[in-house]
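S.K.: Supplied structure: upload_4.pdb, PDB, C-alpha atoms, pLDDT in the B column.
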```pdb
ATOM      1  CA  MET A   1      22.754 -35.255   3.847  1.00 43.00           C
ATOM      2  CA  ALA A   2      25.983 -33.303   4.285  1.00 43.00           C
ATOM      3  CA  CYS A   3      25.694 -29.596   3.703  1.00 52.00           C
ATOM      4  CA  PRO A   4      28.348 -27.791   1.683  1.00 43.00           C
ATOM      5  CA  ARG A   5      30.187 -25.005   3.408  1.00 38.00           C
ATOM      6  CA  PHE A   6      28.231 -21.793   2.859  1.00 36.00           C
ATOM      7  CA  ARG A   7      29.833 -19.316   0.490  1.00 38.00           C
ATOM      8  CA  SER A   8      28.836 -15.744  -0.239  1.00 36.00           C
ATOM      9  CA  SER A   9      26.785 -15.313  -3.428  1.00 36.00           C
ATOM     10  CA  LEU A  10      28.955 -12.280  -4.180  1.00 36.00           C
ATOM     11  CA  ALA A  11      32.251 -13.010  -5.861  1.00 35.00           C
ATOM     12  CA  GLU A  12      35.312 -11.198  -4.552  1.00 32.00           C
ATOM     13  CA  GLY A  13      35.266  -7.641  -5.834  1.00 34.00           C
ATOM     14  CA  ASP A  14      31.542  -7.620  -6.601  1.00 37.00           C
ATOM     15  CA  MET A  15      29.427  -4.768  -5.290  1.00 35.00           C
ATOM     16  CA  PRO A  16      25.931  -4.993  -3.826  1.00 40.00           C
ATOM     17  CA  ALA A  17      22.963  -3.922  -5.933  1.00 41.00           C
ATOM     18  CA  TRP A  18      21.956  -0.300  -5.504  1.00 39.00           C
ATOM     19  CA  ASP A  19      18.708   1.453  -6.327  1.00 45.00           C
ATOM     20  CA  ASP A  20      18.288   5.224  -6.017  1.00 43.00           C
ATOM     21  CA  GLY A  21      21.298   5.456  -3.710  1.00 43.00           C
ATOM     22  CA  ARG A  22      20.286   2.662  -1.328  1.00 48.00           C
ATOM     23  CA  VAL A  23      21.104  -1.021  -1.085  1.00 60.00           C
ATOM     24  CA  GLN A  24      18.234  -3.145  -2.387  1.00 86.00           C
ATOM     25  CA  ILE A  25      16.545  -5.436   0.118  1.00 96.00           C
ATOM     26  CA  THR A  26      14.866  -7.581  -2.593  1.00 97.00           C
ATOM     27  CA  ARG A  27      15.232  -8.161  -6.314  1.00 97.00           C
ATOM     28  CA  LEU A  28      13.856 -10.489  -8.987  1.00 98.00           C
ATOM     29  CA  ILE A  29      15.288 -13.978  -8.742  1.00 98.00           C
ATOM     30  CA  THR A  30      17.604 -15.207 -11.530  1.00 97.00           C
ATOM     31  CA  SER A  31      18.960 -18.600 -12.537  1.00 96.00           C
ATOM     32  CA  GLU A  32      22.339 -17.503 -11.147  1.00 96.00           C
ATOM     33  CA  ASP A  33      20.806 -17.623  -7.629  1.00 97.00           C
ATOM     34  CA  ALA A  34      20.373 -21.413  -7.730  1.00 96.00           C
ATOM     35  CA  SER A  35      23.725 -22.242  -6.134  1.00 95.00           C
ATOM     36  CA  ALA A  36      23.349 -19.708  -3.321  1.00 96.00           C
ATOM     37  CA  LEU A  37      19.794 -20.880  -2.602  1.00 97.00           C
ATOM     38  CA  ASP A  38      20.863 -24.533  -2.634  1.00 96.00           C
ATOM     39  CA  GLU A  39      23.503 -23.777   0.001  1.00 96.00           C
ATOM     40  CA  LEU A  40      21.130 -21.665   2.082  1.00 97.00           C
ATOM     41  CA  LEU A  41      18.386 -24.276   2.031  1.00 97.00           C
ATOM     42  CA  CYS A  42      20.793 -27.038   2.981  1.00 96.00           C
ATOM     43  CA  VAL A  43      22.204 -25.073   5.913  1.00 97.00           C
ATOM     44  CA  ASN A  44      18.689 -24.060   7.031  1.00 97.00           C
ATOM     45  CA  ARG A  45      16.945 -27.364   6.338  1.00 97.00           C
ATOM     46  CA  GLU A  46      16.126 -28.185   9.953  1.00 97.00           C
ATOM     47  CA  PHE A  47      15.322 -24.555  10.761  1.00 97.00           C
ATOM     48  CA  LEU A  48      12.760 -24.290   7.938  1.00 97.00           C
ATOM     49  CA  ALA A  49      11.284 -27.803   8.232  1.00 97.00           C
ATOM     50  CA  PRO A  50       8.541 -26.943  10.807  1.00 97.00           C
ATOM     51  CA  TRP A  51       7.244 -24.156   8.536  1.00 96.00           C
ATOM     52  CA  ASP A  52       7.495 -25.825   5.107  1.00 97.00           C
ATOM     53  CA  PRO A  53       5.841 -28.641   3.186  1.00 97.00           C
ATOM     54  CA  ILE A  54       7.860 -31.842   3.045  1.00 97.00           C
ATOM     55  CA  ARG A  55      10.398 -31.388   0.236  1.00 96.00           C
ATOM     56  CA  SER A  56      12.025 -33.951  -2.068  1.00 95.00           C
ATOM     57  CA  GLU A  57      15.782 -34.491  -1.815  1.00 96.00           C
ATOM     58  CA  ASP A  58      16.198 -32.902  -5.253  1.00 96.00           C
ATOM     59  CA  TYR A  59      14.815 -29.633  -3.879  1.00 96.00           C
ATOM     60  CA  PHE A  60      18.005 -29.252  -1.819  1.00 96.00           C
ATOM     61  CA  THR A  61      20.319 -29.399  -4.840  1.00 95.00           C
ATOM     62  CA  ALA A  62      21.453 -26.777  -7.333  1.00 94.00           C
ATOM     63  CA  HIS A  63      19.665 -28.742 -10.074  1.00 95.00           C
ATOM     64  CA  GLY A  64      16.444 -28.724  -8.087  1.00 97.00           C
ATOM     65  CA  GLN A  65      16.707 -25.012  -7.403  1.00 97.00           C
ATOM     66  CA  HIS A  66      17.332 -24.315 -11.100  1.00 97.00           C
ATOM     67  CA  ALA A  67      14.057 -26.110 -11.845  1.00 97.00           C
ATOM     68  CA  VAL A  68      12.194 -24.168  -9.145  1.00 98.00           C
ATOM     69  CA  ILE A  69      13.549 -20.847 -10.433  1.00 98.00           C
ATOM     70  CA  GLU A  70      12.750 -21.694 -14.053  1.00 98.00           C
ATOM     71  CA  ALA A  71       9.143 -22.548 -13.141  1.00 98.00           C
ATOM     72  CA  ASP A  72       8.838 -19.368 -11.044  1.00 98.00           C
ATOM     73  CA  LEU A  73      10.158 -17.170 -13.855  1.00 98.00           C
ATOM     74  CA  GLN A  74       7.747 -18.766 -16.328  1.00 98.00           C
ATOM     75  CA  GLN A  75       4.854 -17.840 -14.034  1.00 98.00           C
ATOM     76  CA  HIS A  76       6.376 -14.376 -13.679  1.00 98.00           C
ATOM     77  CA  GLU A  77       6.292 -13.973 -17.460  1.00 97.00           C
ATOM     78  CA  GLN A  78       2.622 -14.983 -17.387  1.00 97.00           C
ATOM     79  CA  GLY A  79       1.924 -12.313 -14.754  1.00 96.00           C
ATOM     80  CA  SER A  80       0.818 -14.706 -12.006  1.00 98.00           C
ATOM     81  CA  LYS A  81       3.895 -14.563  -9.734  1.00 98.00           C
ATOM     82  CA  LEU A  82       6.608 -12.156  -8.589  1.00 98.00           C
ATOM     83  CA  PRO A  83       9.560 -14.225  -7.262  1.00 98.00           C
ATOM     84  CA  HIS A  84      12.214 -12.211  -5.403  1.00 98.00           C
ATOM     85  CA  VAL A  85      15.249 -13.009  -3.295  1.00 98.00           C
ATOM     86  CA  ILE A  86      15.992 -11.187  -0.035  1.00 98.00           C
ATOM     87  CA  LEU A  87      19.422  -9.566   0.278  1.00 97.00           C
ATOM     88  CA  ASP A  88      21.547  -8.529   3.246  1.00 95.00           C
ATOM     89  CA  ASP A  89      23.428  -5.234   3.447  1.00 93.00           C
ATOM     90  CA  SER A  90      26.249  -6.591   1.279  1.00 93.00           C
ATOM     91  CA  GLY A  91      23.886  -7.837  -1.439  1.00 94.00           C
ATOM     92  CA  ARG A  92      24.174 -11.512  -0.454  1.00 95.00           C
ATOM     93  CA  VAL A  93      21.099 -13.723  -0.847  1.00 97.00           C
ATOM     94  CA  ILE A  94      19.666 -14.598   2.589  1.00 98.00           C
ATOM     95  CA  GLY A  95      16.139 -15.751   1.727  1.00 98.00           C
ATOM     96  CA  ARG A  96      13.177 -15.515  -0.600  1.00 98.00           C
ATOM     97  CA  ILE A  97       9.940 -13.525  -0.782  1.00 98.00           C
ATOM     98  CA  THR A  98       7.279 -14.132  -3.408  1.00 98.00           C
ATOM     99  CA  LEU A  99       3.915 -12.791  -4.497  1.00 98.00           C
ATOM    100  CA  ASN A 100       1.955 -15.880  -5.557  1.00 98.00           C
ATOM    101  CA  GLY A 101      -1.365 -16.306  -7.323  1.00 97.00           C
ATOM    102  CA  ILE A 102      -1.611 -12.787  -8.732  1.00 98.00           C
ATOM    103  CA  VAL A 103      -5.186 -12.365  -9.942  1.00 97.00           C
ATOM    104  CA  ARG A 104      -6.465  -9.388 -11.909  1.00 96.00           C
ATOM    105  CA  GLY A 105     -10.035  -8.469 -12.841  1.00 95.00           C
ATOM    106  CA  PRO A 106     -12.251  -7.520  -9.897  1.00 95.00           C
ATOM    107  CA  PHE A 107      -9.934  -9.267  -7.388  1.00 96.00           C
ATOM    108  CA  GLN A 108      -6.572  -7.497  -7.946  1.00 97.00           C
ATOM    109  CA  SER A 109      -4.955  -9.581  -5.220  1.00 98.00           C
ATOM    110  CA  CYS A 110      -2.111 -11.970  -4.435  1.00 98.00           C
ATOM    111  CA  ALA A 111      -0.683 -14.081  -1.615  1.00 98.00           C
ATOM    112  CA  MET A 112       2.753 -13.423  -0.116  1.00 98.00           C
ATOM    113  CA  GLY A 113       5.211 -15.940   1.280  1.00 97.00           C
ATOM    114  CA  TYR A 114       8.764 -15.528   2.527  1.00 98.00           C
ATOM    115  CA  TRP A 115      11.624 -17.066   4.489  1.00 97.00           C
ATOM    116  CA  VAL A 116      14.889 -15.721   5.884  1.00 97.00           C
ATOM    117  CA  SER A 117      17.927 -17.758   6.946  1.00 97.00           C
ATOM    118  CA  ALA A 118      18.313 -18.541  10.645  1.00 96.00           C
ATOM    119  CA  SER A 119      21.495 -16.476  10.871  1.00 95.00           C
ATOM    120  CA  HIS A 120      19.602 -13.371   9.716  1.00 96.00           C
ATOM    121  CA  ASN A 121      16.390 -13.863  11.708  1.00 92.00           C
ATOM    122  CA  GLY A 122      15.454 -11.142  14.176  1.00 91.00           C
ATOM    123  CA  ARG A 123      17.600  -8.517  12.459  1.00 93.00           C
ATOM    124  CA  GLY A 124      14.889  -6.626  10.579  1.00 95.00           C
ATOM    125  CA  PHE A 125      15.452  -8.137   7.129  1.00 97.00           C
ATOM    126  CA  ALA A 126      12.029  -9.810   6.975  1.00 97.00           C
ATOM    127  CA  LYS A 127      10.271  -6.610   8.010  1.00 97.00           C
ATOM    128  CA  LYS A 128      12.098  -4.589   5.356  1.00 97.00           C
ATOM    129  CA  ALA A 129      11.524  -7.216   2.661  1.00 98.00           C
ATOM    130  CA  VAL A 130       7.786  -7.407   3.375  1.00 98.00           C
ATOM    131  CA  ARG A 131       7.522  -3.622   3.315  1.00 97.00           C
ATOM    132  CA  GLU A 132       9.322  -3.476  -0.040  1.00 97.00           C
ATOM    133  CA  ILE A 133       7.350  -6.264  -1.719  1.00 98.00           C
ATOM    134  CA  VAL A 134       4.062  -4.705  -0.580  1.00 98.00           C
ATOM    135  CA  ARG A 135       5.224  -1.394  -2.044  1.00 97.00           C
ATOM    136  CA  VAL A 136       5.933  -3.157  -5.347  1.00 97.00           C
ATOM    137  CA  ALA A 137       2.546  -4.894  -5.241  1.00 97.00           C
ATOM    138  CA  PHE A 138       0.704  -1.613  -4.751  1.00 96.00           C
ATOM    139  CA  GLU A 139       2.809   0.949  -6.617  1.00 95.00           C
ATOM    140  CA  GLU A 140       4.244  -1.095  -9.491  1.00 95.00           C
ATOM    141  CA  LEU A 141       1.757  -3.931 -10.007  1.00 96.00           C
ATOM    142  CA  GLY A 142      -1.300  -1.868  -9.094  1.00 96.00           C
ATOM    143  CA  LEU A 143      -2.805  -4.535  -6.849  1.00 97.00           C
ATOM    144  CA  HIS A 144      -5.490  -3.755  -4.279  1.00 97.00           C
ATOM    145  CA  ARG A 145      -4.716  -6.468  -1.729  1.00 98.00           C
ATOM    146  CA  VAL A 146      -1.913  -8.695  -0.443  1.00 98.00           C
ATOM    147  CA  GLN A 147      -2.780 -11.761   1.638  1.00 98.00           C
ATOM    148  CA  ALA A 148      -0.465 -13.748   3.913  1.00 98.00           C
ATOM    149  CA  GLU A 149      -0.957 -16.815   6.074  1.00 98.00           C
ATOM    150  CA  THR A 150       0.977 -18.100   9.086  1.00 98.00           C
ATOM    151  CA  LEU A 151       0.784 -21.124  11.329  1.00 98.00           C
ATOM    152  CA  LEU A 152      -1.135 -20.206  14.475  1.00 98.00           C
ATOM    153  CA  HIS A 153       1.984 -20.442  16.663  1.00 97.00           C
ATOM    154  CA  ASN A 154       4.273 -18.507  14.295  1.00 97.00           C
ATOM    155  CA  VAL A 155       4.205 -15.364  16.417  1.00 97.00           C
ATOM    156  CA  ARG A 156       7.367 -13.857  14.932  1.00 95.00           C
ATOM    157  CA  SER A 157       5.959 -13.873  11.401  1.00 97.00           C
ATOM    158  CA  GLN A 158       2.687 -12.468  12.688  1.00 98.00           C
ATOM    159  CA  ARG A 159       4.587  -9.558  14.240  1.00 97.00           C
ATOM    160  CA  VAL A 160       6.390  -8.912  10.949  1.00 97.00           C
ATOM    161  CA  LEU A 161       3.055  -8.767   9.149  1.00 98.00           C
ATOM    162  CA  GLU A 162       1.390  -6.548  11.732  1.00 98.00           C
ATOM    163  CA  ARG A 163       4.314  -4.111  11.699  1.00 97.00           C
ATOM    164  CA  ASN A 164       3.745  -3.767   7.969  1.00 97.00           C
ATOM    165  CA  GLY A 165       0.047  -2.961   8.279  1.00 97.00           C
ATOM    166  CA  PHE A 166      -1.408  -6.445   7.824  1.00 98.00           C
ATOM    167  CA  VAL A 167      -4.630  -7.163   9.718  1.00 98.00           C
ATOM    168  CA  ARG A 168      -5.749 -10.605  10.825  1.00 98.00           C
ATOM    169  CA  PHE A 169      -9.154 -11.382   9.361  1.00 98.00           C
ATOM    170  CA  GLY A 170      -9.750 -15.003  10.217  1.00 98.00           C
ATOM    171  CA  MET A 171      -8.502 -18.545  10.693  1.00 98.00           C
ATOM    172  CA  ALA A 172      -8.502 -21.260   8.020  1.00 98.00           C
ATOM    173  CA  PRO A 173      -8.751 -24.786   9.452  1.00 98.00           C
ATOM    174  CA  GLU A 174      -6.395 -27.384   7.918  1.00 98.00           C
ATOM    175  CA  TYR A 175      -5.366 -24.809   5.311  1.00 98.00           C
ATOM    176  CA  LEU A 176      -1.965 -26.153   4.190  1.00 97.00           C
ATOM    177  CA  ASN A 177      -0.039 -29.397   4.548  1.00 98.00           C
ATOM    178  CA  ILE A 178       3.010 -28.257   6.523  1.00 98.00           C
ATOM    179  CA  ALA A 179       5.644 -30.588   7.999  1.00 97.00           C
ATOM    180  CA  GLY A 180       3.580 -33.584   6.907  1.00 97.00           C
ATOM    181  CA  ARG A 181       0.172 -32.688   8.330  1.00 98.00           C
ATOM    182  CA  TRP A 182      -2.726 -30.380   7.569  1.00 98.00           C
ATOM    183  CA  GLN A 183      -2.465 -27.360   9.830  1.00 98.00           C
ATOM    184  CA  ASP A 184      -4.656 -24.387  10.722  1.00 98.00           C
ATOM    185  CA  HIS A 185      -3.452 -20.953   9.587  1.00 98.00           C
ATOM    186  CA  ALA A 186      -4.073 -17.389  10.685  1.00 98.00           C
ATOM    187  CA  MET A 187      -5.149 -15.263   7.710  1.00 98.00           C
ATOM    188  CA  TYR A 188      -3.816 -11.737   7.219  1.00 98.00           C
ATOM    189  CA  GLN A 189      -4.288  -9.048   4.601  1.00 98.00           C
ATOM    190  CA  VAL A 190      -3.271  -5.505   3.801  1.00 98.00           C
ATOM    191  CA  VAL A 191      -5.206  -3.391   1.311  1.00 98.00           C
ATOM    192  CA  ASN A 192      -4.077  -0.473  -0.802  1.00 96.00           C
ATOM    193  CA  PRO A 193      -6.041   2.590   0.383  1.00 91.00           C
ATOM    194  CA  SER A 194      -4.946   4.558  -2.681  1.00 91.00           C
ATOM    195  CA  TRP A 195      -5.862   1.949  -5.284  1.00 92.00           C
ATOM    196  CA  GLN A 196      -6.957   3.258  -8.652  1.00 87.00           C
ATOM    197  CA  PRO A 197      -7.716   1.242 -11.795  1.00 78.00           C
ATOM    198  CA  ALA A 198      -4.871   1.465 -14.286  1.00 65.00           C
ATOM    199  CA  GLU A 199      -5.057   0.420 -17.938  1.00 55.00           C
ATOM    200  CA  ARG A 200      -1.369  -0.477 -17.992  1.00 51.00           C
ATOM    201  CA  HIS A 201      -1.877  -3.473 -15.662  1.00 50.00           C
ATOM    202  CA  ARG A 202      -2.936  -6.821 -17.052  1.00 49.00           C
ATOM    203  CA  PRO A 203      -6.715  -7.420 -17.087  1.00 46.00           C
TER
END
```
Using structure tokens, write down the structure that the file contains.

M.R.:
Amino acid sequence: MACPRFRSSLAEGDMPAWDDGRVQITRLITSEDASALDELLCVNREFLAPWDPIRSEDYFTAHGQHAVIEADLQQHEQGSKLPHVILDDSGRVIGRITLNGIVRGPFQSCAMGYWVSASHNGRGFAKKAVREIVRVAFEELGLHRVQAETLLHNVRSQRVLERNGFVRFGMAPEYLNIAGRWQDHAMYQVVNPSWQPAERHRP
């Protein structure tokens, strides 16, 4: 499949998103991100393939990404997911980071997943995005725990997690079907030491 030439998600003259005087590293995904994500995923298809489930061809189209975003935002409205995009210093979309499976009650937990384009790997964007989404999970959503999983050989992601306070607590055999086969995963978590019950959060 031929990839379209990558274009910036910022139109000429647009300004990056700012929050309290600083450029945002993540923000809530919108339907307008479908085209940028389609281009990113096409360009990074081979780079992401060893770390992802096998995807349908439709996933790598703007139409497919519109469907993914719509489903994610529906779950966001239900309170079970927080889907964000990752931004570079100019405000351009360079990846995604999501809090999945948000559970309230006595659990108050979620699972985090993310990816960053190959051209922006190793430049600190993943570390900053994880730090920000964990802050949102604890300070804005009032969660007690964030879980993350990596393939056993994904050392770079493990370093990102550890630099953000995640602690490895076990290994799950054949945990997810990645790249066409069931693979073992290292299990990580970070807990909120200042957690307090809050009535404003969903039960």

S.K.: Applying 10 Å and only C-alpha atoms, which residues near Gln183 in chain A remain after dropping the ones on its own chain fewer than 3 positions away? List them as JSON, numbers by chain.

M.R.: {"A": [150, 151, 152, 172, 173, 174, 175, 176, 177, 178, 179, 180]}

S.K.: Counting all atoms listed in the file, which residues sit no farther than 12 Å from the position (4.3, -9.9, 4.0) in the file's frame? I'd like them as a ChimeraX atom specification.

M.R.: /A:96-100,110-115,125-137,145-150,157-167,187-191

S.K.: Of the candidates A:Val103, A:Val116, A:Leu143, A:Ile86, which shows the shortest atom-to-atom distance to Arg45 in chain A, using all atoms listed in the file?

M.R.: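 Among the listed residues, A:Val116 lies closest to Arg45 in chain A.
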
S.K.: Starting from the shown file, work through the PyMOL selection byres ((chain A and resi 46) around 12) and note down what comes out as a VMD selection string.

M.R.: chain A and resid 1 3 40 to 45 47 to 52 54 to 55 60 117 to 118 179

S.K.: Selection in question (the file shown): the PyMOL selection byres ((chain A and resi 69-74) around 9). Which residues does it include, as a PyMOL selection string?

M.R.: chain A and resi 29-31+33-34+64-68+75-79+81-83

S.K.: Check which residues satisfy the PyMOL selection byres ((chain A and resi 27) around 8) in the file shown, then give them as a PyMOL selection string.

M.R.: chain A and resi 24-26+28-29+84-87

S.K.: Using all atoms listed in the file, can you tell me which of A:Trp182, A:Phe107, A:Trp195, A:Phe169 comes closest to Phe138 in chain A?

M.R.: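 Checking each of A:Trp182, A:Phe107, A:Trp195, A:Phe169 against Phe138 in chain A, counting all atoms listed in the file, the winner is A:Trp195.
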
S.K.: Tell me, in Å to one decimal, how far CA of Pro193 in chain A is from CA of Glu139 in chain A.

M.R.: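 Taking CA of Pro193 in chain A as the start and CA of Glu139 in chain A as the end point, the length is 11.4 Å.
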
S.K.: Using only C-alpha atoms, which of the listed residues (A:Ala186, A:Ile94, A:Leu141, A:Ala62) sits closest to Ser109 in chain A?

M.R.: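 With only C-alpha atoms as the atom set, the closest residue is A:Leu141.
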
S.K.: What does the distance between CA of Ser80 in chain A and CA of Gln108 in chain A come to in Å, to one decimal place?

M.R.: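 Taking CA of Ser80 in chain A as the start and CA of Gln108 in chain A as the end point, the length is 11.1 Å.
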
S.K.: Counting only C-alpha atoms, figure out which residue out of A:Arg156, A:Gln196, A:Asp38, A:Asp58 gets nearest to Gly122 in chain A.

M.R.: A:Arg156

S.K.: Rounded to one decimal, what separation in Å do you get between CA of Leu37 in chain A and CA of Ile102 in chain A?

M.R.: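 Calculated distance between CA of Leu37 in chain A and CA of Ile102 in chain A is 23.7 Å.
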
S.K.: So that all listed atoms of range 39-46 of chain A fit with 3 Å spare on each side, what axis-aligned box centre and edge lengths in Å, to one decimal, would you give as lines of an AutoDock Vina configuration file?

M.R.:
```
center_x = 19.8
center_y = -24.9
center_z = 5.0
size_x = 13.4
size_y = 12.5
size_z = 16.0
```

S.K.: Rank nothing, just name the residue among A:Thr61, A:Ser90, A:Asn121, A:Ser56 nearest to Ala36 in chain A, using only C-alpha atoms.

M.R.: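 Smallest separation from Ala36 in chain A among the options: A:Thr61.
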
S.K.: May I ask you to restore N, CA and C atoms in range 98-123 of chain A and write the result as an mmCIF file, in the coordinates of the input?

M.R.:
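Once everything was written out, this is selection.cif:
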```
data_model
loop_
_atom_site.group_PDB
_atom_site.id
_atom_site.type_symbol
_atom_site.label_atom_id
_atom_site.label_comp_id
_atom_site.auth_asym_id
_atom_site.auth_seq_id
_atom_site.Cartn_x
_atom_site.Cartn_y
_atom_site.Cartn_z
ATOM 1 N N THR A 98 7.982 -13.942 -2.144
ATOM 2 C CA THR A 98 7.279 -14.132 -3.408
ATOM 3 C C THR A 98 5.823 -13.678 -3.285
ATOM 4 N N LEU A 99 5.349 -13.047 -4.340
ATOM 5 C CA LEU A 99 3.915 -12.791 -4.497
ATOM 6 C C LEU A 99 3.366 -13.884 -5.402
ATOM 7 N N ASN A 100 2.518 -14.742 -4.841
ATOM 8 C CA ASN A 100 1.955 -15.880 -5.557
ATOM 9 C C ASN A 100 0.506 -15.608 -5.950
ATOM 10 N N GLY A 101 0.051 -16.334 -6.962
ATOM 11 C CA GLY A 101 -1.365 -16.306 -7.323
ATOM 12 C C GLY A 101 -1.895 -14.925 -7.616
ATOM 13 N N ILE A 102 -1.151 -14.138 -8.372
ATOM 14 C CA ILE A 102 -1.611 -12.787 -8.732
ATOM 15 C C ILE A 102 -2.830 -12.905 -9.632
ATOM 16 N N VAL A 103 -3.921 -12.313 -9.202
ATOM 17 C CA VAL A 103 -5.186 -12.365 -9.942
ATOM 18 C C VAL A 103 -5.624 -10.945 -10.246
ATOM 19 N N ARG A 104 -6.002 -10.724 -11.493
ATOM 20 C CA ARG A 104 -6.465 -9.388 -11.909
ATOM 21 C C ARG A 104 -7.988 -9.339 -11.888
ATOM 22 N N GLY A 105 -8.585 -8.605 -12.808
ATOM 23 C CA GLY A 105 -10.035 -8.469 -12.841
ATOM 24 C C GLY A 105 -10.539 -7.769 -11.593
ATOM 25 N N PRO A 106 -11.689 -8.188 -11.073
ATOM 26 C CA PRO A 106 -12.251 -7.520 -9.897
ATOM 27 C C PRO A 106 -11.531 -7.857 -8.594
ATOM 28 N N PHE A 107 -10.608 -8.844 -8.618
ATOM 29 C CA PHE A 107 -9.934 -9.267 -7.388
ATOM 30 C C PHE A 107 -8.692 -8.422 -7.100
ATOM 31 N N GLN A 108 -7.793 -8.299 -8.082
ATOM 32 C CA GLN A 108 -6.572 -7.497 -7.946
ATOM 33 C C GLN A 108 -5.828 -7.832 -6.643
ATOM 34 N N SER A 109 -5.491 -9.109 -6.493
ATOM 35 C CA SER A 109 -4.955 -9.581 -5.220
ATOM 36 C C SER A 109 -3.873 -10.624 -5.450
ATOM 37 N N CYS A 110 -3.131 -10.919 -4.388
ATOM 38 C CA CYS A 110 -2.111 -11.970 -4.435
ATOM 39 C C CYS A 110 -1.870 -12.476 -3.020
ATOM 40 N N ALA A 111 -1.080 -13.540 -2.907
ATOM 41 C CA ALA A 111 -0.683 -14.081 -1.615
ATOM 42 C C ALA A 111 0.839 -14.000 -1.501
ATOM 43 N N MET A 112 1.328 -13.603 -0.332
ATOM 44 C CA MET A 112 2.753 -13.423 -0.116
ATOM 45 C C MET A 112 3.310 -14.518 0.783
ATOM 46 N N GLY A 113 4.493 -15.006 0.425
ATOM 47 C CA GLY A 113 5.211 -15.940 1.280
ATOM 48 C C GLY A 113 6.681 -15.573 1.320
ATOM 49 N N TYR A 114 7.346 -15.864 2.432
ATOM 50 C CA TYR A 114 8.764 -15.528 2.527
ATOM 51 C C TYR A 114 9.460 -16.428 3.541
ATOM 52 N N TRP A 115 10.793 -16.462 3.446
ATOM 53 C CA TRP A 115 11.624 -17.066 4.489
ATOM 54 C C TRP A 115 12.976 -16.363 4.506
ATOM 55 N N VAL A 116 13.580 -16.333 5.682
ATOM 56 C CA VAL A 116 14.889 -15.721 5.884
ATOM 57 C C VAL A 116 15.755 -16.721 6.641
ATOM 58 N N SER A 117 17.030 -16.799 6.305
ATOM 59 C CA SER A 117 17.927 -17.758 6.946
ATOM 60 C C SER A 117 17.975 -17.541 8.453
ATOM 61 N N ALA A 118 18.272 -18.607 9.180
ATOM 62 C CA ALA A 118 18.313 -18.541 10.645
ATOM 63 C C ALA A 118 19.324 -17.510 11.127
ATOM 64 N N SER A 119 20.442 -17.398 10.436
ATOM 65 C CA SER A 119 21.495 -16.476 10.871
ATOM 66 C C SER A 119 21.100 -15.015 10.712
ATOM 67 N N HIS A 120 20.045 -14.749 9.934
ATOM 68 C CA HIS A 120 19.602 -13.371 9.716
ATOM 69 C C HIS A 120 18.224 -13.104 10.318
ATOM 70 N N ASN A 121 17.674 -14.084 11.044
ATOM 71 C CA ASN A 121 16.390 -13.863 11.708
ATOM 72 C C ASN A 121 16.536 -12.858 12.841
ATOM 73 N N GLY A 122 15.479 -12.088 13.072
ATOM 74 C CA GLY A 122 15.454 -11.142 14.176
ATOM 75 C C GLY A 122 16.308 -9.910 13.970
ATOM 76 N N ARG A 123 16.738 -9.658 12.742
ATOM 77 C CA ARG A 123 17.600 -8.517 12.459
ATOM 78 C C ARG A 123 16.944 -7.492 11.543
#
```
